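Here the structure is laid out as structure tokens; the discussion comes afterwards.
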Number of protein chains: 2
Amino acid sequence: MRRITKQVIEDMSVGAAVLASGGGGDPYIGKLMALQAIDEYGEFDMISLEELDDDALVCASHMLGAPTVLVEKVPSGMEGVAAVNALEERLGRKFDAIMPLEAGGLNSLLPFQVAAAKGVPMVDADGMGRAFPELQHVTWTLFDIPACPAVVCDEKGDVVTIEACDNRWAEMLSRSTAITTGGSVFMADYAQTGAQAKEASIPGTSTYCEVIGRTIREARESNDNPLPIILDLVNGVELFRGKIDDVSRRTEGGFARGFAHMQGFEDYDGMELEIEFQNEYLIARSGEKVLCTAPDLIAILDSETAMPITTENLKYGTRGVVVGIPTYKHWRTERGLAIAGPGYFGYGQDYIPVEDRERLL
Amino acid sequence: MRRITKQVIEDMSVGAAVLASGGGGDPYIGKLMALQAIDEYGEFDMISLEELDDDALVCASHMLGAPTVLVEKVPSGMEGVAAVNALEERLGRKFDAIMPLEAGGLNSLLPFQVAAAKGVPMVDADGMGRAFPELQHVTWTLFDIPACPAVVCDEKGDVVTIEACDNRWAEMLSRSTAITTGGSVFMADYAQTGAQAKEASIPGTSTYCEVIGRTIREARESNDNPLPIILDLVNGVELFRGKIDDVSRRTEGGFARGFAHMQGFEDYDGMELEIEFQNEYLIARSGEKVLCTAPDLIAILDSETAMPITTENLKYGTRGVVVGIPTYKHWRTERGLAIAGPGYFGYGQDYIPVEDRERLL
């Protein structure tokens with residue numbers, strides 16, 4: 001059991017946005033919500049997977065929708081609690097702990113608030129080890145843990161309980177609910193025992209986020225260049241350095257979709273890069289050359305501050321370093337690639353690990 | 001309590017399609033499903049509202065979606081039973097009887113099959129006295145009976161339980177689920193006591209459908225012209241006689257939307273009529289002159305057989321008589337017109353009862 005202070009929240013929100021691969025919700029909103037929850041409920045408790053009893057019951061708590069919408073439609077935070085309450089009622093049993101679905105600016109921190117309001121700890125683990133666009137993109141799917149019953153809540157008090165035939169249909173039904181209710185919703189799902197969580201979750205994600213965020217902060221405080229330190233920490237690969245000169249972004253089908261185009265500078269002068277996204281950055285290409293695809297992570301870090309830039313914050317003129325980060329091992333299995341590889345997202349590419357791909361320099 | 005024979009089903013399916021105002025699902029499919037259910041379960045029991053105990057629990061059983069989809073995606077019939085079962089489980093109580101939501105080719109007859117499979121009677125009453133496009137367009141809404149919890153089932157086994165903040169949101173959330181799962185779904189909703197049903201439902205709708213259908217059949221069997229007999233029976237107004245020379249129909253937003261254009265013949269020679277629909281016929285216009293709007297009913301009857309033509313069966317060259325039928329009294333109240341009048345459907349018209357409107361002849 002660890003106590004989560006405001007400083008931990010600050011660091012974690014930055015690290016989560018690095019692992020979020022551009023998605024997972026605005027880290028600033030996530031941070032504000034978590035800090036406010038500390039003011040209200042006191043510092044949070046976080047337990048490791050090992051500290052979870054095998055017969056404990058846990059669920060995931062998260063938002064779903066287009067992060068672009070969330071920036072305009074800031075959540076009150078109680079929607080997430082309402083979703084967990086409704087799932088408890090449906091199952092006739094209280095949850096002993098709350099888990100994040102993914103690493104993301106908002107989705108890493110929202111569960112703290114929900115757990116605090118429920119008076120239970122948050123588990124230091126998640127189902128993605130990064131952020132992915134869709135609900136079924138969790139290691140829990142790889143271990144046949146159903147998303148359903150899944151509860152969807154919005155800010156108006158609508159509650160929709162989904163019992164889908166599989167996790168992909170759970171995604172489609174919750175996504176259409178999100179679109180109908182205005183573009184983003186709060187969910188509770190993937191109810192599982194402690195034993196299941198230990199087998200199927202990615203351990204230590206929140207602490208890993210904190211370490212990344214703290215490393216960036218400390219490097220900046222001591223005027224070191226944080227970029228090489230971060231690359232070393234996450235086993236990352238520098239893919240590109242450039243200035244964003246075009247962004248196309250639309251909210252479509254309950255996702256933020258589009259691309260960012262960059263003109264290279266420094267060693268990359270004269271080269272170009274295009275990154276396509278569906279909430280998360282999914283593929284980085286320079287002309288015909290593919291530099292990185294999902295399930296590996298693509299992060300754009302501000303070239304001055306090393307702060308991660310999420311898809312809804314992409315702007316003309318931003319100067320960034322594009323980094324490829326190897327994904328968690330579960331995603332590199334045949335089944336992992338089938339549900340979250342480049343083929344699933346329609347890129348018709350065979351998956352090549354980012355560290356094995358040919359680079360521009 | 002009445003026994004419902006195959007002959008009653010045949011007649012009822014025709015009469016229901018007259019009151020359906022073009023919607024409510026293909027009467028042929030509804031009839032086949034009900035006849036097959038008689039083969040399987042024996043003849044059905046139908047009770048009147050008066051025969052329902054005040055403390056009995058009833059719910060509505062119906063499909064929701066675009067009738068155009070239903071013609072291609074014929075239901076097995078068990079989706080409706082699954083929805084009622086799930087609603088019983090949610091409420092922790094069995095239903096004593098099943099009610100139709102609306103008068104419609106399919107939606108009048110499907111509840112017989114569901115009731116038979118559940119071993120309970122069907123109630124001779126409904127919530128519309130016609131068919132309307134949307135879930136909240138029931139007299140139950142006028143009496144503050146909530147649609148929710150509402151259960152949506154599809155043919156794949158997906159079950160979605162909606163607890164919406166009001167009946168219009170129940171419509172929007174179930175409609176988006178219908179779109180996601182392929183365009184049509186089966187639902188159980190508007191759980192209410194016998195006392196509530198007696199106060200808020202339209203009594204005798206199924207028997208009324210049967211009488212209309214039987215009248216058409218008997219007139220045809222005795223080589224009488226059924227049209228004047230039908231007009232007399234339903235207090236209908238002849239609006240037009242003509243040939244369909246243009247049909248625009250698209251499946252959009254979970255509805256069949258479009259218009260039928262007709263060229264007049266006989267006394268209407270040289271005149272034109274356009275009827276717009278959203279699952280149901282909602283407005284009939286000849287040039288600037290509005291002849292009939294929702295909530296009054298618009299039916300197109302085949303000019304030879306007097307058989308009603310639903311929106312998904314509109315075809316170039318069909319010769320029809322267009323009939324306006326006064327709606328049930330509840331729909332002519334201020335609240336009824338607010339939720340189902342021409343203004344709601346975006347026609348910006350004040351409502352004028354069809355019998356008071358200026359006619360073409």
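Lettering and numbering for the structure tokens are positional, with chains as A, B, ... in the shown order, residues counted from 1 in each chain, and ligands counted from 1 in the shown order.
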
Next item on the list: For Ser248 (chain B), list every protein, DNA or RNA residue within 10 Å, evaluated using only C-alpha atoms, and leave out those in the same chain fewer than 4 positions away; present the list as a VMD selection string.
Entry: chain B and resid 256 to 261 276 to 277 314 to 315

Check: Using only C-alpha atoms, which residues sit within 9 Å of Gly287 (chain B) once same-chain residues fewer than 2 positions away are excluded, as a PyMOL selection string?
Finding: chain B and resi 271-274+285+289-290

Next item on the list: Please identify every residue of chain B that has at least one atom no more than 7 Å from any atom of chain A, counting only C-alpha atoms, and report them as a ChimeraX atom specification.
Entry: /B:156-165,172-173,176-177,180

Requested write-out: C-alpha atoms of the selected residues, as a PDB file, in the first residue's frame:
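The resulting file, out_7.pdb, is shown below:
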ATOM      1  CA  LYS B 156     -26.586 -12.096 -31.589  1.00  0.00           C
ATOM      2  CA  GLY B 157     -27.440 -12.255 -27.907  1.00  0.00           C
ATOM      3  CA  ASP B 158     -26.423  -8.704 -27.013  1.00  0.00           C
ATOM      4  CA  VAL B 159     -28.546  -7.301 -24.180  1.00  0.00           C
ATOM      5  CA  VAL B 160     -28.522  -3.586 -23.360  1.00  0.00           C
ATOM      6  CA  THR B 161     -30.452  -2.249 -20.361  1.00  0.00           C
ATOM      7  CA  ILE B 162     -31.249   1.444 -20.504  1.00  0.00           C
ATOM      8  CA  GLU B 163     -32.123   3.602 -17.508  1.00  0.00           C
ATOM      9  CA  ALA B 164     -32.522   6.990 -19.115  1.00  0.00           C
ATOM     10  CA  CYS B 165     -33.300  10.343 -17.559  1.00  0.00           C
ATOM     11  CA  MET B 172     -32.207   8.043 -28.414  1.00  0.00           C
ATOM     12  CA  LEU B 173     -30.193   5.443 -26.528  1.00  0.00           C
ATOM     13  CA  SER B 176     -28.329   4.198 -31.352  1.00  0.00           C
ATOM     14  CA  THR B 177     -28.126   0.633 -30.086  1.00  0.00           C
ATOM     15  CA  THR B 180     -25.052  -0.287 -34.018  1.00  0.00           C
TER      16      THR B 180
END

Item checked: Residues of region 141-251 of chain A in strand (DSSP E), written as number ranges by chain -> A: 150-153, 159-163, 184-193, 202-203, 237-251

Next item on the list: Please provide the set of residues having any atom within 10 Å of region 49-55 of chain A, restricted to only C-alpha atoms, with same-chain residues fewer than 6 positions apart removed, written as a ChimeraX atom specification.
Entry: /A:1,96-97,99,121-126,192-199,201-204

Notebook entry, point to check: If you count only C-alpha atoms, which residues fall within 8 Å of Ile9 (chain B), apart from same-chain ones fewer than 2 positions away, as a PyMOL selection string?
Noted result: chain B and resi 4-7+11-13+31+34-35+109+210

Selection file, N, CA, C and O atoms, as a PDB file, in the first residue's frame:
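As a result, part.pdb now contains:
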ATOM      1  N   ILE B   4     -57.427 -16.290 -29.718  1.00  0.00           N
ATOM      2  CA  ILE B   4     -57.021 -15.676 -30.978  1.00  0.00           C
ATOM      3  C   ILE B   4     -56.668 -16.787 -31.973  1.00  0.00           C
ATOM      4  O   ILE B   4     -55.683 -17.503 -31.803  1.00  0.00           O
ATOM      5  N   THR B   5     -57.500 -16.926 -32.998  1.00  0.00           N
ATOM      6  CA  THR B   5     -57.295 -17.973 -34.008  1.00  0.00           C
ATOM      7  C   THR B   5     -56.437 -17.432 -35.154  1.00  0.00           C
ATOM      8  O   THR B   5     -56.136 -16.241 -35.224  1.00  0.00           O
ATOM      9  N   LYS B   6     -56.107 -18.335 -36.056  1.00  0.00           N
ATOM     10  CA  LYS B   6     -55.313 -17.915 -37.217  1.00  0.00           C
ATOM     11  C   LYS B   6     -56.073 -16.903 -38.070  1.00  0.00           C
ATOM     12  O   LYS B   6     -55.478 -15.969 -38.620  1.00  0.00           O
ATOM     13  N   GLN B   7     -57.401 -17.070 -38.167  1.00  0.00           N
ATOM     14  CA  GLN B   7     -58.187 -16.108 -38.944  1.00  0.00           C
ATOM     15  C   GLN B   7     -58.131 -14.714 -38.311  1.00  0.00           C
ATOM     16  O   GLN B   7     -58.018 -13.715 -39.015  1.00  0.00           O
ATOM     17  N   ASP B  11     -56.735 -11.220 -40.143  1.00  0.00           N
ATOM     18  CA  ASP B  11     -57.474  -9.951 -40.202  1.00  0.00           C
ATOM     19  C   ASP B  11     -56.742  -8.838 -39.453  1.00  0.00           C
ATOM     20  O   ASP B  11     -56.632  -7.704 -39.920  1.00  0.00           O
ATOM     21  N   MET B  12     -56.243  -9.190 -38.284  1.00  0.00           N
ATOM     22  CA  MET B  12     -55.594  -8.187 -37.445  1.00  0.00           C
ATOM     23  C   MET B  12     -54.363  -7.601 -38.138  1.00  0.00           C
ATOM     24  O   MET B  12     -54.088  -6.397 -38.014  1.00  0.00           O
ATOM     25  N   SER B  13     -53.623  -8.439 -38.844  1.00  0.00           N
ATOM     26  CA  SER B  13     -52.406  -7.944 -39.495  1.00  0.00           C
ATOM     27  C   SER B  13     -52.752  -6.890 -40.543  1.00  0.00           C
ATOM     28  O   SER B  13     -52.016  -5.913 -40.715  1.00  0.00           O
ATOM     29  N   LYS B  31     -47.442 -11.412 -39.532  1.00  0.00           N
ATOM     30  CA  LYS B  31     -48.447 -12.469 -39.630  1.00  0.00           C
ATOM     31  C   LYS B  31     -47.790 -13.853 -39.619  1.00  0.00           C
ATOM     32  O   LYS B  31     -48.226 -14.751 -38.891  1.00  0.00           O
ATOM     33  N   ALA B  34     -46.680 -14.746 -36.141  1.00  0.00           N
ATOM     34  CA  ALA B  34     -47.783 -15.068 -35.221  1.00  0.00           C
ATOM     35  C   ALA B  34     -48.407 -16.413 -35.586  1.00  0.00           C
ATOM     36  O   ALA B  34     -48.742 -17.217 -34.698  1.00  0.00           O
ATOM     37  N   LEU B  35     -48.556 -16.685 -36.882  1.00  0.00           N
ATOM     38  CA  LEU B  35     -49.150 -17.975 -37.287  1.00  0.00           C
ATOM     39  C   LEU B  35     -48.248 -19.126 -36.860  1.00  0.00           C
ATOM     40  O   LEU B  35     -48.716 -20.165 -36.381  1.00  0.00           O
ATOM     41  N   LEU B 109     -48.469  -7.877 -33.720  1.00  0.00           N
ATOM     42  CA  LEU B 109     -48.554  -9.335 -33.667  1.00  0.00           C
ATOM     43  C   LEU B 109     -47.404  -9.984 -32.909  1.00  0.00           C
ATOM     44  O   LEU B 109     -47.565 -11.031 -32.291  1.00  0.00           O
ATOM     45  N   GLU B 210     -58.509  -5.934 -35.818  1.00  0.00           N
ATOM     46  CA  GLU B 210     -59.163  -7.125 -36.364  1.00  0.00           C
ATOM     47  C   GLU B 210     -60.425  -6.740 -37.136  1.00  0.00           C
ATOM     48  O   GLU B 210     -60.680  -7.235 -38.238  1.00  0.00           O
TER      49      GLU B 210
END

Next item on the list: Report the distance between CA of Glu304 (chain A) and CA of Asn223 (chain A) in Å, rounded to one decimal place.
Entry: 11.0 Å

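Atom to atom, CA of Leu282 (chain A) and CA of Ala294 (chain A) stand 5.1 Å apart.
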
Check: Near Asp26 (chain A), counting only C-alpha atoms, which residues have an atom at most 10 Å away, once you skip same-chain residues fewer than 4 positions from it, shown as a PyMOL selection string?
Finding: chain A and resi 13+17+20+22+30-31+67-68+70-71+104-107+309-313

Next item on the list: Mind the document's chain letters and residue numbers, and return as a ChimeraX atom specification the residues of region 64-260 of chain A that DSSP labels helix (DSSP H, G or I).
Entry: /A:67-72,78-91,110-118,139-142,167-180,194-200,205-221,226-233

Notebook entry, point to check: Between B:Tyr344, B:Phe186, B:Trp331, B:Tyr208, which one has atoms that come closest to Val74 (chain B), using only C-alpha atoms?
Noted result: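 Among the listed residues, the smallest separation from Val74 (chain B) belongs to B:Phe186.
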
Notebook entry, point to check: Between B:Gly119, B:Pro133, B:Gly242, B:Gly324, which is the closest to Met262 (chain B) once you count only C-alpha atoms?
Noted result: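 Checking each candidate against Met262 (chain B), we get B:Gly242 as the closest.
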
Check: How many Å lie between CA of Met33 (chain A) and CA of Gly253 (chain A), rounded to one decimal?
Finding: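 Between these atoms lies a distance of 26.5 Å.
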
Margin query: When you count only C-alpha atoms, which of these residues is closest to Leu87 (chain A): A:Leu57, A:Ala340, A:Val237, A:Cys292?
Written below: A:Leu57

Distance query Val138 (chain A) at most 10 Å, only C-alpha atoms, self and fewer than 4 positions along chain excluded, as a PDB file with N, CA and C atoms, in the first residue's frame:
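Saved file result.pdb follows:
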ATOM      1  N   LEU A 101      -8.143   1.371 -16.687  1.00  0.00           N
ATOM      2  CA  LEU A 101      -8.213   0.587 -17.919  1.00  0.00           C
ATOM      3  C   LEU A 101      -6.918   0.702 -18.689  1.00  0.00           C
ATOM      4  N   GLU A 102      -6.374   1.909 -18.678  1.00  0.00           N
ATOM      5  CA  GLU A 102      -5.238   2.221 -19.544  1.00  0.00           C
ATOM      6  C   GLU A 102      -4.384   3.283 -18.897  1.00  0.00           C
ATOM      7  N   ASP A 126      -2.851  -2.028 -14.988  1.00  0.00           N
ATOM      8  CA  ASP A 126      -3.898  -1.658 -15.941  1.00  0.00           C
ATOM      9  C   ASP A 126      -4.035  -2.744 -17.000  1.00  0.00           C
ATOM     10  N   GLY A 127      -4.884  -2.493 -17.974  1.00  0.00           N
ATOM     11  CA  GLY A 127      -5.163  -3.501 -18.996  1.00  0.00           C
ATOM     12  C   GLY A 127      -4.513  -3.217 -20.335  1.00  0.00           C
ATOM     13  N   MET A 128      -3.763  -2.125 -20.441  1.00  0.00           N
ATOM     14  CA  MET A 128      -3.167  -1.775 -21.736  1.00  0.00           C
ATOM     15  C   MET A 128      -1.659  -1.522 -21.647  1.00  0.00           C
ATOM     16  N   GLY A 129      -1.208  -0.932 -20.526  1.00  0.00           N
ATOM     17  CA  GLY A 129       0.198  -0.527 -20.410  1.00  0.00           C
ATOM     18  C   GLY A 129       0.482   0.675 -21.303  1.00  0.00           C
ATOM     19  N   ARG A 130      -0.519   1.239 -21.861  1.00  0.00           N
ATOM     20  CA  ARG A 130      -0.493   2.387 -22.756  1.00  0.00           C
ATOM     21  C   ARG A 130      -1.953   2.822 -22.903  1.00  0.00           C
ATOM     22  N   ALA A 131      -2.274   3.670 -23.860  1.00  0.00           N
ATOM     23  CA  ALA A 131      -3.674   3.893 -24.198  1.00  0.00           C
ATOM     24  C   ALA A 131      -3.924   3.310 -25.583  1.00  0.00           C
ATOM     25  N   PHE A 132      -5.087   2.743 -25.768  1.00  0.00           N
ATOM     26  CA  PHE A 132      -5.535   2.244 -27.075  1.00  0.00           C
ATOM     27  C   PHE A 132      -6.895   2.864 -27.371  1.00  0.00           C
ATOM     28  N   GLU A 134      -9.789   1.463 -28.372  1.00  0.00           N
ATOM     29  CA  GLU A 134     -11.059   0.763 -28.167  1.00  0.00           C
ATOM     30  C   GLU A 134     -11.057  -0.090 -26.903  1.00  0.00           C
ATOM     31  N   LEU A 142      -7.232 -10.764 -23.853  1.00  0.00           N
ATOM     32  CA  LEU A 142      -6.324 -11.870 -24.224  1.00  0.00           C
ATOM     33  C   LEU A 142      -6.465 -13.037 -23.249  1.00  0.00           C
ATOM     34  N   PHE A 143      -6.944 -12.751 -22.047  1.00  0.00           N
ATOM     35  CA  PHE A 143      -7.131 -13.801 -21.039  1.00  0.00           C
ATOM     36  C   PHE A 143      -8.619 -14.145 -20.862  1.00  0.00           C
ATOM     37  N   ILE A 145     -11.258 -12.468 -20.200  1.00  0.00           N
ATOM     38  CA  ILE A 145     -12.083 -11.822 -19.174  1.00  0.00           C
ATOM     39  C   ILE A 145     -13.075 -10.905 -19.884  1.00  0.00           C
ATOM     40  N   ALA A 147     -15.642  -7.923 -20.774  1.00  0.00           N
ATOM     41  CA  ALA A 147     -15.878  -6.528 -20.386  1.00  0.00           C
ATOM     42  C   ALA A 147     -17.225  -6.392 -19.685  1.00  0.00           C
ATOM     43  N   ASN A 167     -16.226  -8.789 -26.299  1.00  0.00           N
ATOM     44  CA  ASN A 167     -15.677  -7.494 -25.887  1.00  0.00           C
ATOM     45  C   ASN A 167     -15.681  -6.474 -27.021  1.00  0.00           C
ATOM     46  N   TYR A 190     -15.183  -4.811 -16.919  1.00  0.00           N
ATOM     47  CA  TYR A 190     -14.117  -5.792 -16.687  1.00  0.00           C
ATOM     48  C   TYR A 190     -14.034  -6.206 -15.219  1.00  0.00           C
ATOM     49  N   ALA A 200      -3.776 -11.459 -15.575  1.00  0.00           N
ATOM     50  CA  ALA A 200      -4.063 -10.860 -16.880  1.00  0.00           C
ATOM     51  C   ALA A 200      -3.714  -9.380 -16.993  1.00  0.00           C
ATOM     52  N   SER A 201      -3.364  -8.721 -15.888  1.00  0.00           N
ATOM     53  CA  SER A 201      -3.128  -7.272 -15.961  1.00  0.00           C
ATOM     54  C   SER A 201      -1.654  -6.958 -16.161  1.00  0.00           C
ATOM     55  N   ILE A 202      -1.384  -5.745 -16.539  1.00  0.00           N
ATOM     56  CA  ILE A 202      -0.015  -5.265 -16.662  1.00  0.00           C
ATOM     57  C   ILE A 202       0.349  -4.605 -15.337  1.00  0.00           C
ATOM     58  N   HIS A 330       2.712  -8.744 -23.915  1.00  0.00           N
ATOM     59  CA  HIS A 330       1.451  -9.409 -24.282  1.00  0.00           C
ATOM     60  C   HIS A 330       0.949  -8.973 -25.649  1.00  0.00           C
ATOM     61  N   TRP A 331       1.237  -7.722 -26.027  1.00  0.00           N
ATOM     62  CA  TRP A 331       0.721  -7.204 -27.307  1.00  0.00           C
ATOM     63  C   TRP A 331       1.509  -7.717 -28.493  1.00  0.00           C
ATOM     64  N   GLY A 336      -2.396 -10.948 -29.383  1.00  0.00           N
ATOM     65  CA  GLY A 336      -2.296  -9.515 -29.107  1.00  0.00           C
ATOM     66  C   GLY A 336      -2.249  -8.712 -30.393  1.00  0.00           C
ATOM     67  N   ILE A 339      -5.664  -8.445 -32.244  1.00  0.00           N
ATOM     68  CA  ILE A 339      -6.674  -7.474 -31.808  1.00  0.00           C
ATOM     69  C   ILE A 339      -6.154  -6.040 -31.771  1.00  0.00           C
ATOM     70  N   ALA A 340      -4.839  -5.831 -31.764  1.00  0.00           N
ATOM     71  CA  ALA A 340      -4.350  -4.452 -31.634  1.00  0.00           C
ATOM     72  C   ALA A 340      -3.152  -4.161 -32.530  1.00  0.00           C
TER      73      ALA A 340
END

Note to self: What's around Val211 (chain A) at 10 Å? Count only C-alpha atoms, leave out sequence neighbours fewer than 4 positions away in its own chain, and write the answer as an MDAnalysis selection string.
What the structure shows: chainID A and resid 8 11:12 14:16 205:207 215:217 230 233

Suppose we keep all heavy atoms; can you now write the selection as an mmCIF file, in the first residue's frame?
data_model
loop_
_atom_site.group_PDB
_atom_site.id
_atom_site.type_symbol
_atom_site.label_atom_id
_atom_site.label_comp_id
_atom_site.auth_asym_id
_atom_site.auth_seq_id
_atom_site.Cartn_x
_atom_site.Cartn_y
_atom_site.Cartn_z
ATOM 1 N N VAL A 8 2.906 13.121 -6.417
ATOM 2 C CA VAL A 8 2.831 11.880 -7.204
ATOM 3 C C VAL A 8 1.841 12.054 -8.352
ATOM 4 O O VAL A 8 2.096 11.641 -9.495
ATOM 5 C CB VAL A 8 2.431 10.686 -6.302
ATOM 6 C CG1 VAL A 8 2.215 9.426 -7.146
ATOM 7 C CG2 VAL A 8 3.489 10.430 -5.238
ATOM 8 N N ASP A 11 3.370 14.115 -11.181
ATOM 9 C CA ASP A 11 4.319 13.343 -11.984
ATOM 10 C C ASP A 11 3.605 12.285 -12.817
ATOM 11 O O ASP A 11 3.908 12.070 -13.995
ATOM 12 C CB ASP A 11 5.355 12.675 -11.064
ATOM 13 C CG ASP A 11 6.296 13.697 -10.422
ATOM 14 O OD1 ASP A 11 6.437 14.800 -10.989
ATOM 15 O OD2 ASP A 11 6.866 13.386 -9.364
ATOM 16 N N MET A 12 2.669 11.607 -12.174
ATOM 17 C CA MET A 12 1.971 10.512 -12.847
ATOM 18 C C MET A 12 1.213 11.010 -14.074
ATOM 19 O O MET A 12 1.163 10.337 -15.098
ATOM 20 C CB MET A 12 0.992 9.896 -11.848
ATOM 21 C CG MET A 12 0.753 8.423 -12.029
ATOM 22 S SD MET A 12 -0.389 7.874 -10.733
ATOM 23 C CE MET A 12 0.765 7.263 -9.522
ATOM 24 N N VAL A 14 1.980 13.349 -16.091
ATOM 25 C CA VAL A 14 2.911 13.559 -17.210
ATOM 26 C C VAL A 14 3.355 12.218 -17.791
ATOM 27 O O VAL A 14 3.313 11.998 -19.004
ATOM 28 C CB VAL A 14 4.127 14.396 -16.746
ATOM 29 C CG1 VAL A 14 5.169 14.470 -17.849
ATOM 30 C CG2 VAL A 14 3.678 15.784 -16.306
ATOM 31 N N GLY A 15 3.741 11.303 -16.930
ATOM 32 C CA GLY A 15 4.185 9.985 -17.409
ATOM 33 C C GLY A 15 3.076 9.237 -18.118
ATOM 34 O O GLY A 15 3.307 8.562 -19.125
ATOM 35 N N ALA A 16 1.863 9.363 -17.595
ATOM 36 C CA ALA A 16 0.730 8.689 -18.225
ATOM 37 C C ALA A 16 0.503 9.221 -19.627
ATOM 38 O O ALA A 16 0.178 8.469 -20.547
ATOM 39 C CB ALA A 16 -0.535 8.873 -17.381
ATOM 40 N N THR A 205 1.776 -0.192 -13.672
ATOM 41 C CA THR A 205 1.694 0.872 -14.674
ATOM 42 C C THR A 205 1.689 2.261 -14.049
ATOM 43 O O THR A 205 2.356 3.180 -14.546
ATOM 44 C CB THR A 205 0.437 0.695 -15.545
ATOM 45 O OG1 THR A 205 0.411 -0.638 -16.039
ATOM 46 C CG2 THR A 205 0.444 1.666 -16.712
ATOM 47 N N SER A 206 0.948 2.435 -12.965
ATOM 48 C CA SER A 206 0.845 3.780 -12.386
ATOM 49 C C SER A 206 2.183 4.237 -11.826
ATOM 50 O O SER A 206 2.586 5.402 -11.991
ATOM 51 C CB SER A 206 -0.232 3.799 -11.293
ATOM 52 O OG SER A 206 -1.500 3.601 -11.870
ATOM 53 N N THR A 207 2.879 3.317 -11.170
ATOM 54 C CA THR A 207 4.198 3.670 -10.647
ATOM 55 C C THR A 207 5.160 3.987 -11.785
ATOM 56 O O THR A 207 5.971 4.917 -11.703
ATOM 57 C CB THR A 207 4.744 2.523 -9.774
ATOM 58 O OG1 THR A 207 3.866 2.369 -8.659
ATOM 59 C CG2 THR A 207 6.148 2.802 -9.284
ATOM 60 N N THR A 215 11.034 11.768 -13.647
ATOM 61 C CA THR A 215 12.315 11.884 -14.356
ATOM 62 C C THR A 215 12.328 13.133 -15.233
ATOM 63 O O THR A 215 13.314 13.884 -15.260
ATOM 64 C CB THR A 215 12.539 10.625 -15.211
ATOM 65 O OG1 THR A 215 12.488 9.488 -14.353
ATOM 66 C CG2 THR A 215 13.880 10.677 -15.924
ATOM 67 N N ILE A 216 11.217 13.370 -15.932
ATOM 68 C CA ILE A 216 11.127 14.577 -16.760
ATOM 69 C C ILE A 216 11.225 15.822 -15.869
ATOM 70 O O ILE A 216 11.988 16.755 -16.149
ATOM 71 C CB ILE A 216 9.809 14.587 -17.576
ATOM 72 C CG1 ILE A 216 9.821 13.471 -18.629
ATOM 73 C CG2 ILE A 216 9.584 15.960 -18.237
ATOM 74 C CD1 ILE A 216 8.543 13.345 -19.441
ATOM 75 N N ARG A 217 10.498 15.810 -14.762
ATOM 76 C CA ARG A 217 10.496 16.981 -13.887
ATOM 77 C C ARG A 217 11.883 17.257 -13.309
ATOM 78 O O ARG A 217 12.375 18.391 -13.335
ATOM 79 C CB ARG A 217 9.486 16.776 -12.743
ATOM 80 C CG ARG A 217 9.504 17.878 -11.692
ATOM 81 C CD ARG A 217 8.394 17.739 -10.671
ATOM 82 N NE ARG A 217 8.370 16.446 -10.003
ATOM 83 C CZ ARG A 217 9.128 16.123 -8.934
ATOM 84 N NH1 ARG A 217 9.965 17.010 -8.425
ATOM 85 N NH2 ARG A 217 9.037 14.932 -8.383
ATOM 86 N N ILE A 230 14.755 10.096 -20.800
ATOM 87 C CA ILE A 230 13.468 9.440 -21.008
ATOM 88 C C ILE A 230 13.609 8.281 -21.988
ATOM 89 O O ILE A 230 13.097 7.169 -21.760
ATOM 90 C CB ILE A 230 12.436 10.460 -21.552
ATOM 91 C CG1 ILE A 230 12.069 11.457 -20.472
ATOM 92 C CG2 ILE A 230 11.178 9.758 -22.064
ATOM 93 C CD1 ILE A 230 11.456 10.823 -19.262
ATOM 94 N N LEU A 233 14.997 5.452 -20.244
ATOM 95 C CA LEU A 233 14.085 4.880 -19.248
ATOM 96 C C LEU A 233 13.035 3.976 -19.888
ATOM 97 O O LEU A 233 12.683 2.923 -19.345
ATOM 98 C CB LEU A 233 13.402 6.038 -18.491
ATOM 99 C CG LEU A 233 12.425 5.692 -17.379
ATOM 100 C CD1 LEU A 233 13.144 4.969 -16.245
ATOM 101 C CD2 LEU A 233 11.772 6.969 -16.843
#
